[in-house]
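Peer 1: A single structure is presented below for examination.
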Amino acid sequence: MRPKRDRQGLDGIDRRILEMLQADCKVALAKIGEQVGLSAPSIVERVRKLENEGFVKGYHARLDARRLGLDVTAFISVWTAHPKVIKDLEQHLPEFDDVLECHHVTGDPTLLLKVRTRSTDSLERLISALRSINGVERTETNVVLSTLVERAGVRSRSLMAGATQPSVRDEDDGKPAAAT
């Protein structure tokens, strides 16, 4: 009998496989099989299915930006004149290697960019280039002094809970909310 699947079509074994791949994408599939109690061929089949269904978007190495000389991390808020400008800006984004993330957000600003640059000089050039794009009304930049938490993926508790229960603290007793 196949384990019960959740709203995303995953079972507990699928979630454990995703957790292990996220922690170390180079982990041997046989080791995953040992941890979840399945044969290597079964793991290969499940991983292929998770990839084909879009749960795994790729495999990446996390690089140390500072060791590579990218010492300045900043968040740039971008206000646009009109929502149509977002498409224009989107076409320019590949030109900016220092832009790591670009998010269309609610309220003000219109967009929020996370960037990593070599210096404040290169950050200033990036900001000037962004401001020169037609329809960008203004920008506001926050330079990161230190990073307290930066996760590369989905937290284990959130991954294992799935969509059944958000991983928040219960307001009454301060303990994590129980998954259903």
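For the structure tokens, the naming scheme is as follows: chains receive sequential letters (A, B, ...) according to their order of presentation, residues are indexed from 1 within each chain, and ligands are indexed from 1 in presentation order.
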Enumerate as a list of chain:residue names all residues of stretch 42-123 of chain A assigned to strand (DSSP E or B) by DSSP on the backbone, naming them with the chain letters and numbers the document uses.

Peer 2: A:Val72, A:Thr73, A:Ala74, A:Phe75, A:Ile76, A:Ser77, A:Val78, A:Trp79, A:Thr80, A:Val99, A:Leu100, A:Glu101, A:Cys102, A:His103, A:His104, A:Leu111, A:Leu112, A:Leu113, A:Lys114, A:Val115, A:Arg116, A:Thr117

Peer 1: For the residues in the current selection, export N, CA and C atoms as a PDB file, in the first residue's frame.

Peer 2:
ATOM      1  N   VAL A  72      30.099  43.589  -0.606  1.00  0.00           N
ATOM      2  CA  VAL A  72      28.960  44.442  -0.276  1.00  0.00           C
ATOM      3  C   VAL A  72      27.660  43.754  -0.679  1.00  0.00           C
ATOM      4  N   THR A  73      26.801  43.534   0.304  1.00  0.00           N
ATOM      5  CA  THR A  73      25.451  43.034   0.056  1.00  0.00           C
ATOM      6  C   THR A  73      24.499  44.180   0.353  1.00  0.00           C
ATOM      7  N   ALA A  74      23.529  44.365  -0.506  1.00  0.00           N
ATOM      8  CA  ALA A  74      22.564  45.446  -0.313  1.00  0.00           C
ATOM      9  C   ALA A  74      21.198  45.040  -0.851  1.00  0.00           C
ATOM     10  N   PHE A  75      20.190  45.739  -0.357  1.00  0.00           N
ATOM     11  CA  PHE A  75      18.832  45.599  -0.864  1.00  0.00           C
ATOM     12  C   PHE A  75      18.461  46.933  -1.485  1.00  0.00           C
ATOM     13  N   ILE A  76      18.050  46.885  -2.729  1.00  0.00           N
ATOM     14  CA  ILE A  76      17.671  48.098  -3.443  1.00  0.00           C
ATOM     15  C   ILE A  76      16.174  48.064  -3.697  1.00  0.00           C
ATOM     16  N   SER A  77      15.484  49.056  -3.139  1.00  0.00           N
ATOM     17  CA  SER A  77      14.055  49.220  -3.391  1.00  0.00           C
ATOM     18  C   SER A  77      13.909  50.085  -4.637  1.00  0.00           C
ATOM     19  N   VAL A  78      13.037  49.657  -5.543  1.00  0.00           N
ATOM     20  CA  VAL A  78      12.849  50.366  -6.815  1.00  0.00           C
ATOM     21  C   VAL A  78      11.384  50.751  -6.955  1.00  0.00           C
ATOM     22  N   TRP A  79      11.133  52.052  -7.172  1.00  0.00           N
ATOM     23  CA  TRP A  79       9.793  52.550  -7.440  1.00  0.00           C
ATOM     24  C   TRP A  79       9.680  52.810  -8.934  1.00  0.00           C
ATOM     25  N   THR A  80       8.579  52.371  -9.526  1.00  0.00           N
ATOM     26  CA  THR A  80       8.377  52.585 -10.964  1.00  0.00           C
ATOM     27  C   THR A  80       7.200  53.512 -11.198  1.00  0.00           C
ATOM     28  N   VAL A  99      22.914  41.572  -9.514  1.00  0.00           N
ATOM     29  CA  VAL A  99      21.560  41.367  -8.989  1.00  0.00           C
ATOM     30  C   VAL A  99      21.352  39.872  -8.782  1.00  0.00           C
ATOM     31  N   LEU A 100      21.171  39.480  -7.523  1.00  0.00           N
ATOM     32  CA  LEU A 100      20.951  38.071  -7.183  1.00  0.00           C
ATOM     33  C   LEU A 100      19.479  37.704  -7.212  1.00  0.00           C
ATOM     34  N   GLU A 101      18.634  38.629  -6.760  1.00  0.00           N
ATOM     35  CA  GLU A 101      17.202  38.370  -6.675  1.00  0.00           C
ATOM     36  C   GLU A 101      16.455  39.644  -7.036  1.00  0.00           C
ATOM     37  N   CYS A 102      15.283  39.479  -7.626  1.00  0.00           N
ATOM     38  CA  CYS A 102      14.398  40.606  -7.904  1.00  0.00           C
ATOM     39  C   CYS A 102      12.988  40.146  -7.591  1.00  0.00           C
ATOM     40  N   HIS A 103      12.335  40.866  -6.685  1.00  0.00           N
ATOM     41  CA  HIS A 103      10.995  40.482  -6.252  1.00  0.00           C
ATOM     42  C   HIS A 103      10.017  41.627  -6.505  1.00  0.00           C
ATOM     43  N   HIS A 104       8.875  41.317  -7.098  1.00  0.00           N
ATOM     44  CA  HIS A 104       7.777  42.273  -7.235  1.00  0.00           C
ATOM     45  C   HIS A 104       6.995  42.151  -5.939  1.00  0.00           C
ATOM     46  N   LEU A 111       9.530  47.046  -6.626  1.00  0.00           N
ATOM     47  CA  LEU A 111      10.455  45.908  -6.703  1.00  0.00           C
ATOM     48  C   LEU A 111      11.467  45.978  -5.576  1.00  0.00           C
ATOM     49  N   LEU A 112      11.941  44.810  -5.158  1.00  0.00           N
ATOM     50  CA  LEU A 112      13.001  44.717  -4.158  1.00  0.00           C
ATOM     51  C   LEU A 112      14.090  43.824  -4.728  1.00  0.00           C
ATOM     52  N   LEU A 113      15.302  44.371  -4.816  1.00  0.00           N
ATOM     53  CA  LEU A 113      16.426  43.631  -5.377  1.00  0.00           C
ATOM     54  C   LEU A 113      17.443  43.324  -4.289  1.00  0.00           C
ATOM     55  N   LYS A 114      17.967  42.123  -4.318  1.00  0.00           N
ATOM     56  CA  LYS A 114      19.099  41.767  -3.467  1.00  0.00           C
ATOM     57  C   LYS A 114      20.313  41.725  -4.374  1.00  0.00           C
ATOM     58  N   VAL A 115      21.370  42.456  -3.992  1.00  0.00           N
ATOM     59  CA  VAL A 115      22.569  42.538  -4.827  1.00  0.00           C
ATOM     60  C   VAL A 115      23.811  42.248  -4.007  1.00  0.00           C
ATOM     61  N   ARG A 116      24.837  41.773  -4.702  1.00  0.00           N
ATOM     62  CA  ARG A 116      26.173  41.607  -4.110  1.00  0.00           C
ATOM     63  C   ARG A 116      27.169  42.221  -5.072  1.00  0.00           C
ATOM     64  N   THR A 117      27.983  43.147  -4.556  1.00  0.00           N
ATOM     65  CA  THR A 117      28.960  43.834  -5.391  1.00  0.00           C
ATOM     66  C   THR A 117      30.323  43.803  -4.714  1.00  0.00           C
TER      67      THR A 117
END

Peer 1: Write out as an MDAnalysis selection string the set of residues from stretch 6-151 of chain A that DSSP, computed on the backbone, places in alpha helix (DSSP H).

Peer 2: chainID A and resid 12:23 29:36 40:52 85:92 120:131

Peer 1: What does the file look like for those residues with N, CA and C atoms, as a short mmCIF file (atom, residue, chain, number, x, y, z; two decimals), in the first residue's frame?

Peer 2:
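New file part.cif:
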data_model
loop_
_atom_site.label_atom_id
_atom_site.label_comp_id
_atom_site.auth_asym_id
_atom_site.auth_seq_id
_atom_site.Cartn_x
_atom_site.Cartn_y
_atom_site.Cartn_z
N GLY A 12 5.69 11.40 3.04
CA GLY A 12 6.78 11.67 3.97
C GLY A 12 8.14 11.28 3.42
N ILE A 13 8.20 10.21 2.65
CA ILE A 13 9.47 9.78 2.07
C ILE A 13 9.94 10.80 1.03
N ASP A 14 9.02 11.27 0.20
CA ASP A 14 9.38 12.30 -0.78
C ASP A 14 9.96 13.52 -0.07
N ARG A 15 9.31 13.95 0.99
CA ARG A 15 9.77 15.14 1.72
C ARG A 15 11.14 14.90 2.36
N ARG A 16 11.36 13.70 2.87
CA ARG A 16 12.68 13.37 3.47
C ARG A 16 13.75 13.37 2.37
N ILE A 17 13.43 12.85 1.20
CA ILE A 17 14.37 12.86 0.06
C ILE A 17 14.71 14.30 -0.30
N LEU A 18 13.69 15.16 -0.39
CA LEU A 18 13.93 16.58 -0.72
C LEU A 18 14.81 17.24 0.34
N GLU A 19 14.55 16.92 1.59
CA GLU A 19 15.35 17.49 2.68
C GLU A 19 16.82 17.08 2.55
N MET A 20 17.06 15.81 2.27
CA MET A 20 18.43 15.32 2.15
C MET A 20 19.13 15.91 0.92
N LEU A 21 18.42 16.00 -0.21
CA LEU A 21 19.02 16.60 -1.41
C LEU A 21 19.34 18.07 -1.19
N GLN A 22 18.46 18.77 -0.49
CA GLN A 22 18.70 20.18 -0.23
C GLN A 22 19.92 20.37 0.68
N ALA A 23 20.08 19.50 1.66
CA ALA A 23 21.22 19.60 2.58
C ALA A 23 22.53 19.30 1.86
N LEU A 29 22.63 8.46 -3.78
CA LEU A 29 21.24 8.03 -3.74
C LEU A 29 21.08 6.76 -2.90
N ALA A 30 22.11 5.92 -2.88
CA ALA A 30 22.06 4.72 -2.05
C ALA A 30 21.98 5.10 -0.57
N LYS A 31 22.68 6.17 -0.18
CA LYS A 31 22.63 6.63 1.22
C LYS A 31 21.23 7.15 1.56
N ILE A 32 20.62 7.86 0.62
CA ILE A 32 19.25 8.32 0.83
C ILE A 32 18.34 7.11 1.03
N GLY A 33 18.53 6.10 0.18
CA GLY A 33 17.74 4.88 0.29
C GLY A 33 17.87 4.23 1.65
N GLU A 34 19.09 4.18 2.19
CA GLU A 34 19.31 3.62 3.53
C GLU A 34 18.54 4.41 4.58
N GLN A 35 18.56 5.74 4.45
CA GLN A 35 17.92 6.61 5.44
C GLN A 35 16.39 6.51 5.42
N VAL A 36 15.83 6.28 4.24
CA VAL A 36 14.37 6.25 4.14
C VAL A 36 13.81 4.84 3.98
N ALA A 40 17.99 1.64 -3.91
CA ALA A 40 18.56 2.69 -4.77
C ALA A 40 17.72 2.91 -6.03
N PRO A 41 17.27 1.84 -6.72
CA PRO A 41 16.43 2.08 -7.90
C PRO A 41 15.13 2.82 -7.57
N SER A 42 14.55 2.53 -6.41
CA SER A 42 13.33 3.24 -6.00
C SER A 42 13.61 4.72 -5.76
N ILE A 43 14.78 5.00 -5.19
CA ILE A 43 15.16 6.40 -4.93
C ILE A 43 15.39 7.11 -6.26
N VAL A 44 16.08 6.46 -7.19
CA VAL A 44 16.31 7.06 -8.51
C VAL A 44 14.97 7.41 -9.15
N GLU A 45 14.01 6.52 -9.08
CA GLU A 45 12.69 6.76 -9.67
C GLU A 45 12.00 7.93 -8.99
N ARG A 46 12.06 7.98 -7.66
CA ARG A 46 11.41 9.07 -6.93
C ARG A 46 12.09 10.42 -7.21
N VAL A 47 13.41 10.43 -7.24
CA VAL A 47 14.12 11.69 -7.52
C VAL A 47 13.78 12.17 -8.92
N ARG A 48 13.78 11.28 -9.88
CA ARG A 48 13.42 11.65 -11.25
C ARG A 48 12.00 12.24 -11.29
N LYS A 49 11.07 11.62 -10.55
CA LYS A 49 9.69 12.11 -10.50
C LYS A 49 9.65 13.50 -9.85
N LEU A 50 10.39 13.70 -8.78
CA LEU A 50 10.41 15.00 -8.10
C LEU A 50 11.00 16.08 -9.01
N GLU A 51 12.00 15.70 -9.80
CA GLU A 51 12.58 16.65 -10.77
C GLU A 51 11.58 16.97 -11.88
N ASN A 52 10.96 15.93 -12.44
CA ASN A 52 10.01 16.13 -13.55
C ASN A 52 8.79 16.93 -13.14
N VAL A 85 6.22 49.23 -16.56
CA VAL A 85 7.68 49.41 -16.52
C VAL A 85 8.37 48.13 -16.02
N ILE A 86 7.66 47.34 -15.25
CA ILE A 86 8.24 46.11 -14.71
C ILE A 86 8.75 45.22 -15.84
N LYS A 87 7.98 45.11 -16.91
CA LYS A 87 8.40 44.29 -18.07
C LYS A 87 9.68 44.85 -18.68
N ASP A 88 9.77 46.18 -18.82
CA ASP A 88 10.98 46.81 -19.37
C ASP A 88 12.18 46.52 -18.46
N LEU A 89 11.97 46.68 -17.16
CA LEU A 89 13.05 46.45 -16.21
C LEU A 89 13.49 44.98 -16.24
N GLU A 90 12.51 44.10 -16.37
CA GLU A 90 12.79 42.66 -16.43
C GLU A 90 13.72 42.33 -17.60
N GLN A 91 13.56 43.02 -18.71
CA GLN A 91 14.42 42.80 -19.87
C GLN A 91 15.85 43.27 -19.62
N HIS A 92 16.02 44.26 -18.76
CA HIS A 92 17.36 44.79 -18.45
C HIS A 92 18.09 43.98 -17.38
N THR A 120 31.57 49.67 -2.61
CA THR A 120 30.53 50.69 -2.65
C THR A 120 30.58 51.43 -3.98
N ASP A 121 31.75 51.51 -4.60
CA ASP A 121 31.84 52.14 -5.93
C ASP A 121 31.03 51.35 -6.96
N SER A 122 31.18 50.04 -6.95
CA SER A 122 30.42 49.23 -7.92
C SER A 122 28.94 49.24 -7.58
N LEU A 123 28.59 49.34 -6.30
CA LEU A 123 27.19 49.47 -5.90
C LEU A 123 26.62 50.79 -6.43
N GLU A 124 27.39 51.85 -6.31
CA GLU A 124 26.93 53.15 -6.79
C GLU A 124 26.70 53.13 -8.31
N ARG A 125 27.59 52.47 -9.05
CA ARG A 125 27.41 52.35 -10.50
C ARG A 125 26.15 51.55 -10.84
N LEU A 126 25.90 50.50 -10.09
CA LEU A 126 24.70 49.68 -10.30
C LEU A 126 23.44 50.51 -10.05
N ILE A 127 23.43 51.26 -8.97
CA ILE A 127 22.27 52.09 -8.65
C ILE A 127 22.04 53.13 -9.76
N SER A 128 23.10 53.75 -10.23
CA SER A 128 22.98 54.73 -11.32
C SER A 128 22.42 54.09 -12.58
N ALA A 129 22.88 52.89 -12.89
CA ALA A 129 22.39 52.18 -14.08
C ALA A 129 20.91 51.85 -13.92
N LEU A 130 20.50 51.42 -12.74
CA LEU A 130 19.09 51.12 -12.51
C LEU A 130 18.23 52.37 -12.66
N ARG A 131 18.73 53.47 -12.10
CA ARG A 131 17.97 54.73 -12.16
C ARG A 131 17.85 55.26 -13.59
#

Peer 1: Counting only C-alpha atoms, which residue out of A:Gly107, A:Gly37, A:Gly54, A:Pro83 sits closest to A:Gly9?

Peer 2: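 Comparing A:Gly107, A:Gly37, A:Gly54, A:Pro83 against A:Gly9, the winner is A:Gly54.
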
Peer 1: Please measure the separation of atom CA of A:Pro109 and atom CA of A:Gly135, giving the value in Å to one decimal.

Peer 2: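 So the two atoms, atom CA of A:Pro109 and atom CA of A:Gly135, lie 13.4 Å apart.
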
Peer 1: Compile the contact shell of A:Leu63 as JSON, numbers by chain: residues with an atom at most 12 Å away, counting only C-alpha atoms, same-chain residues fewer than 6 positions apart removed.

Peer 2: {"A": [69, 70, 152]}

Peer 1: I need the chosen residues saved as a PDB file, in the first residue's frame, with N, CA and C atoms.

Peer 2:
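Saved as part_24.pdb:
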ATOM      1  N   GLY A  69      35.432  38.034  -3.299  1.00  0.00           N
ATOM      2  CA  GLY A  69      35.614  39.470  -3.446  1.00  0.00           C
ATOM      3  C   GLY A  69      34.347  40.278  -3.549  1.00  0.00           C
ATOM      4  N   LEU A  70      33.211  39.663  -3.334  1.00  0.00           N
ATOM      5  CA  LEU A  70      31.938  40.384  -3.366  1.00  0.00           C
ATOM      6  C   LEU A  70      31.587  40.746  -1.922  1.00  0.00           C
ATOM      7  N   ALA A 152      19.554  28.949   2.263  1.00  0.00           N
ATOM      8  CA  ALA A 152      19.590  28.695   0.824  1.00  0.00           C
ATOM      9  C   ALA A 152      18.365  27.928   0.362  1.00  0.00           C
TER      10      ALA A 152
END

Peer 1: Tell me which of A:Cys25, A:Thr106, A:Glu95, A:Thr141 sits closest to A:Lys57, counting only C-alpha atoms.

Peer 2: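 Closest candidate: A:Cys25.
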
Peer 1: One decimal, in Å: what's the spacing between atom CA of A:Arg7 and atom CA of A:Phe55?

Peer 2: 13.3 Å
